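Each remark here refers to the structure printed beneath this line.
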Amino acid sequence: MPHRSQFIIIEDNLIDQFVTKKLLKKGLDINPIYIANNGREGINWILKNQPQNPLIILLDIQMPIMNGFEFLEEFDRLPEDLKKRTEIFVLSSTLDIDEIKKVKENKYVSAFWTKPFRLEILKNAFLEA
């Protein structure tokens with residue numbers, strides 16, 4: 001089933017990138033899927049590509065160069081029309097209660113999912129979108 005949204009995984013861990021991409025491709029028939037290794041690469045990709053279709057971001061928190069929280073601060077500076085077309089899902093293995101609370105309170109974050117996550121979570125989120 002083709003999906004009209006564009007997907008970008010912002011994640012520094014190569015194994016998590018691979019697993020998430022595989023789940024999206026095999027489980028939901030989503031292609032292409034873009035990869036950014038940190039928040040700075042993610043912001044740069046968004047600015048360069050200016051996606052016109054809805055954009056779905058799968059965002060990790062702990063990354064070098066620009067972490068997920070810094071990404072969310074930069075995302076806040078993007079044009080309003082782009083922000084309105086974007087959904088951000090945070091994928092993290094953090095157990096830090098303060099980090100989880102901060103993520104869940106961010107107005108741009110649609111959901112917080114703990115790694116490893118199941119395909120059913122993705123299906124429920126993206127098939128309803």
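By order of appearance in the structure tokens: chains A, B, ..., then residues from 1 within every chain, and ligands from 1 in the order shown.
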**Request:** Write out as a list in words the residues lying within 12 Å of A:Asn53, counting only C-alpha atoms and excluding same-chain residues fewer than 3 positions away.
**Result:**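 So the residues in contact are His3, Arg4, Ser5, Gln6, Phe7, Ile46, Asn49, Gln50, Ile56, Asp81, Leu82, Lys83, Lys84, Arg85, Thr86 and Glu87 of chain A.
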**Request:** Per DSSP on the backbone, filter stretch 4-87 of chain A down to the residues in helix (DSSP H, G or I) and report them as a PyMOL selection string.
**Result:** chain A and resi 14-28+39-49+68-75+80-84
For the residues selected in the previous step, produce a file with C-alpha atoms as a JSON list (two decimals), in the first residue's frame.
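part_13.json, written as the output of this step:
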```json
[["chain", "number", "residue", "atom", "x", "y", "z"],
["A", 14, "LEU", "CA", 22.89, 2.07, 12.54],
["A", 15, "ILE", "CA", 21.11, -1.01, 13.88],
["A", 16, "ASP", "CA", 18.07, 1.04, 14.93],
["A", 17, "GLN", "CA", 18.10, 2.75, 11.52],
["A", 18, "PHE", "CA", 18.14, -0.63, 9.78],
["A", 19, "VAL", "CA", 15.40, -2.19, 11.94],
["A", 20, "THR", "CA", 13.09, 0.83, 11.71],
["A", 21, "LYS", "CA", 13.57, 1.15, 7.96],
["A", 22, "LYS", "CA", 12.92, -2.57, 7.48],
["A", 23, "LEU", "CA", 9.72, -2.41, 9.56],
["A", 24, "LEU", "CA", 8.43, 0.53, 7.54],
["A", 25, "LYS", "CA", 9.31, -1.04, 4.19],
["A", 26, "LYS", "CA", 8.22, -4.63, 4.82],
["A", 27, "GLY", "CA", 5.38, -4.01, 7.24],
["A", 28, "LEU", "CA", 3.82, -0.91, 5.71],
["A", 39, "GLY", "CA", 19.24, 16.31, 14.37],
["A", 40, "ARG", "CA", 21.43, 18.69, 12.33],
["A", 41, "GLU", "CA", 21.29, 16.35, 9.31],
["A", 42, "GLY", "CA", 17.52, 16.09, 9.81],
["A", 43, "ILE", "CA", 17.00, 19.86, 9.83],
["A", 44, "ASN", "CA", 19.29, 20.23, 6.81],
["A", 45, "TRP", "CA", 17.33, 17.54, 4.92],
["A", 46, "ILE", "CA", 14.03, 19.27, 5.69],
["A", 47, "LEU", "CA", 15.37, 22.68, 4.61],
["A", 48, "LYS", "CA", 16.92, 21.28, 1.43],
["A", 49, "ASN", "CA", 13.91, 19.19, 0.37],
["A", 68, "GLY", "CA", 16.40, 15.23, 19.67],
["A", 69, "PHE", "CA", 15.61, 18.11, 22.03],
["A", 70, "GLU", "CA", 17.87, 20.46, 20.08],
["A", 71, "PHE", "CA", 16.20, 19.25, 16.88],
["A", 72, "LEU", "CA", 12.78, 20.12, 18.32],
["A", 73, "GLU", "CA", 14.04, 23.63, 19.18],
["A", 74, "GLU", "CA", 15.27, 24.12, 15.60],
["A", 75, "PHE", "CA", 12.07, 22.59, 14.21],
["A", 80, "GLU", "CA", 4.36, 27.22, 10.03],
["A", 81, "ASP", "CA", 2.94, 25.51, 6.93],
["A", 82, "LEU", "CA", 5.71, 22.92, 7.06],
["A", 83, "LYS", "CA", 5.20, 22.32, 10.79],
["A", 84, "LYS", "CA", 1.46, 21.81, 10.21]]
```
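Restricting the calculation to only C-alpha atoms, the smallest distance between A:Val103 and any of A:Ile33, A:Ile10, A:Met66, A:Leu59 is found for A:Leu59.
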**Asked** Using only C-alpha atoms, which of the listed residues (A:Leu55, A:Leu78, A:Val90, A:Ile9) sits closest to A:Ile35?
**Response**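 Selected residue with least distance to A:Ile35: A:Ile9.
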**Fill in**
Shortest contact to A:Lys115, candidates A:Pro32, A:Leu91, A:Asp12, A:Met63, atoms counted only C-alpha atoms, goes to A:Leu91
**Request:** Identify, on the basis of only C-alpha atoms, every residue whose closest approach to A:Asp96 does not exceed 12 Å; exclude the query and any residue fewer than 6 positions from it along the same chain; express the result as a list in words.
**Result:** Ile61, Gln62, Lys102, Val103 and Thr114 of chain A
**Message:** When DSSP is applied to the backbone of this structure, which of stretch 32-115 of chain A are assigned strand (DSSP E)? Write them out as a VMD selection string.
**Reply:** chain A and resid 33 to 36 55 to 59 86 to 92 109 to 114
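Across the structure, atom CA of A:Leu95 and atom CA of A:Ala111 are spaced 15.8 Å apart.
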**Request:** Just give me the gap between atom CA of A:Tyr108 and atom CA of A:Gln52 in Å, one decimal is fine.
**Result:**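 Distance between the two atoms: 18.0 Å.
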